[in-house]
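Student: The following block contains the structure, expressed as structure tokens.
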Amino acid sequence: MIILSKKKFHFKAGGNHFTTKGGMIIEEAPDWIASLPFYQWAKDDGDIVEVKDSSAEAEDVAVAKAKRTTRKTAAKK
């Protein structure tokens, strides 16, 4: 699974661990993190955006979506 993360998140389940890079970096993430409630909360908040594939177009769409959620969050404060 490919994701974009705004912040660093550490996921663990059983003996598995994964930490996102944060900073709007697009990276490969293990599929098992998607089953964790913490992942879903971060995704719902817009702090993690799933990227459709590794194409430049899909990455541009994910970055645009992440920027939109940042603006919406800032407007609520």
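Letters A, B, ... mark the chains of the structure tokens in the order given; residue numbers begin at 1 per chain; ligand numbers begin at 1, in order shown.
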Tell me which protein, DNA and RNA residues are within 6 Å of region 2-4 of chain A, counting only C-alpha atoms, leaving out same-chain ones fewer than 5 positions away, and put them as an NGL selection string.
Tutor: :A and (24-29 or 48-51)
Student: Store the residues picked out above, limited to N, CA, C and O atoms, as an mmCIF file, in the first residue's frame.
Tutor:
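Output below, filename out-v8.cif:
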data_model
loop_
_atom_site.group_PDB
_atom_site.id
_atom_site.type_symbol
_atom_site.label_atom_id
_atom_site.label_comp_id
_atom_site.auth_asym_id
_atom_site.auth_seq_id
_atom_site.Cartn_x
_atom_site.Cartn_y
_atom_site.Cartn_z
ATOM 1 N N MET A 24 4.670 14.993 4.597
ATOM 2 C CA MET A 24 4.084 14.887 3.258
ATOM 3 C C MET A 24 4.902 13.970 2.346
ATOM 4 O O MET A 24 4.890 14.114 1.132
ATOM 5 N N ILE A 25 5.601 13.011 2.940
ATOM 6 C CA ILE A 25 6.396 12.045 2.183
ATOM 7 C C ILE A 25 5.490 10.904 1.728
ATOM 8 O O ILE A 25 4.687 10.397 2.503
ATOM 9 N N ILE A 26 5.628 10.498 0.480
ATOM 10 C CA ILE A 26 4.899 9.351 -0.056
ATOM 11 C C ILE A 26 5.800 8.135 0.102
ATOM 12 O O ILE A 26 6.981 8.180 -0.262
ATOM 13 N N GLU A 27 5.233 7.062 0.663
ATOM 14 C CA GLU A 27 6.039 5.880 0.952
ATOM 15 C C GLU A 27 5.211 4.607 0.865
ATOM 16 O O GLU A 27 3.987 4.645 0.910
ATOM 17 N N GLU A 28 5.915 3.507 0.756
ATOM 18 C CA GLU A 28 5.293 2.181 0.776
ATOM 19 C C GLU A 28 5.070 1.801 2.238
ATOM 20 O O GLU A 28 5.971 1.928 3.062
ATOM 21 N N ALA A 29 3.868 1.367 2.556
ATOM 22 C CA ALA A 29 3.522 0.964 3.919
ATOM 23 C C ALA A 29 2.971 -0.459 3.888
ATOM 24 O O ALA A 29 2.355 -0.865 2.904
ATOM 25 N N ILE A 48 -3.181 10.982 7.097
ATOM 26 C CA ILE A 48 -2.681 9.953 6.191
ATOM 27 C C ILE A 48 -3.615 9.914 4.990
ATOM 28 O O ILE A 48 -4.835 9.912 5.142
ATOM 29 N N VAL A 49 -3.028 9.916 3.802
ATOM 30 C CA VAL A 49 -3.796 9.848 2.561
ATOM 31 C C VAL A 49 -3.295 8.629 1.790
ATOM 32 O O VAL A 49 -2.085 8.473 1.589
ATOM 33 N N GLU A 50 -4.206 7.770 1.384
ATOM 34 C CA GLU A 50 -3.824 6.620 0.569
ATOM 35 C C GLU A 50 -3.599 7.082 -0.865
ATOM 36 O O GLU A 50 -4.365 7.881 -1.399
ATOM 37 N N VAL A 51 -2.532 6.580 -1.470
ATOM 38 C CA VAL A 51 -2.178 6.920 -2.847
ATOM 39 C C VAL A 51 -2.572 5.736 -3.724
ATOM 40 O O VAL A 51 -2.262 4.587 -3.406
#
Student: Do a neighbour search on Lys12 (chain A) at 9 Å with only C-alpha atoms, toss out local chain neighbours closer than 6 positions, and write the hits as a list of chain:residue names.
Tutor: A:Phe18, A:Thr19, A:Ile33, A:Leu36
Student: Which is closer to Met1 (chain A) than all the others in A:Thr69, A:Ser54, A:Pro30, A:Gly14, using only C-alpha atoms?
Tutor: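 Nearest candidate to Met1 (chain A) out of A:Thr69, A:Ser54, A:Pro30, A:Gly14: A:Pro30.
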Student: Please extract the residues of chain A with a backbone DSSP assignment of helix (DSSP H, G or I) and present them as a PyMOL selection string.
Tutor: chain A and resi 31-35+37-45+56-76
Student: Separation of CA of Arg68 (chain A) and CA of Ala42 (chain A), in Å?
Tutor: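 Between CA of Arg68 (chain A) and CA of Ala42 (chain A) the gap works out to 15.1 Å.
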Student: Among chain A, which residues does DSSP mark as strand (DSSP E) when it is run on the backbone? Keep the chain and numbering as in the structure and answer as an MDAnalysis selection string.
Tutor: chainID A and resid 2:5 10:13 16:19 25:28 48:51
Student: Looking at A:Val63, A:His17, A:Glu57, A:Ala34, which one is nearest to Ser5 (chain A), with distances taken over only C-alpha atoms?
Tutor: A:Val63
Student: What is the distance between CA of Asn16 (chain A) and CA of Ala58 (chain A), in Å to one decimal?
Tutor: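 Spanning CA of Asn16 (chain A) to CA of Ala58 (chain A) is a straight-line distance of 27.8 Å.
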Student: Could you give me, as number ranges by chain, the residues within 6 Å of Lys6 (chain A), counting only C-alpha atoms and dropping anything in the same chain fewer than 4 positions from it?
Tutor: A: 22-24, 47
Student: Taking only C-alpha atoms into account, which of A:Asp53, A:Ala66, A:Pro37, A:Glu59 comes nearest Lys7 (chain A)?
Tutor: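 The shortest atom-to-atom distance to Lys7 (chain A) comes from A:Ala66.
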Student: Have a look at CA of Lys52 (chain A) and CA of Phe9 (chain A) and let me know their distance in Å, one decimal.
Tutor: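 Pair CA of Lys52 (chain A) / CA of Phe9 (chain A) returns 20.2 Å.
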Student: From the list A:Ser55, A:Tyr39, A:Asp45, A:Val61, which residue is nearest Phe11 (chain A) when using only C-alpha atoms?
Tutor: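 Among the listed residues, A:Tyr39 lies closest to Phe11 (chain A).
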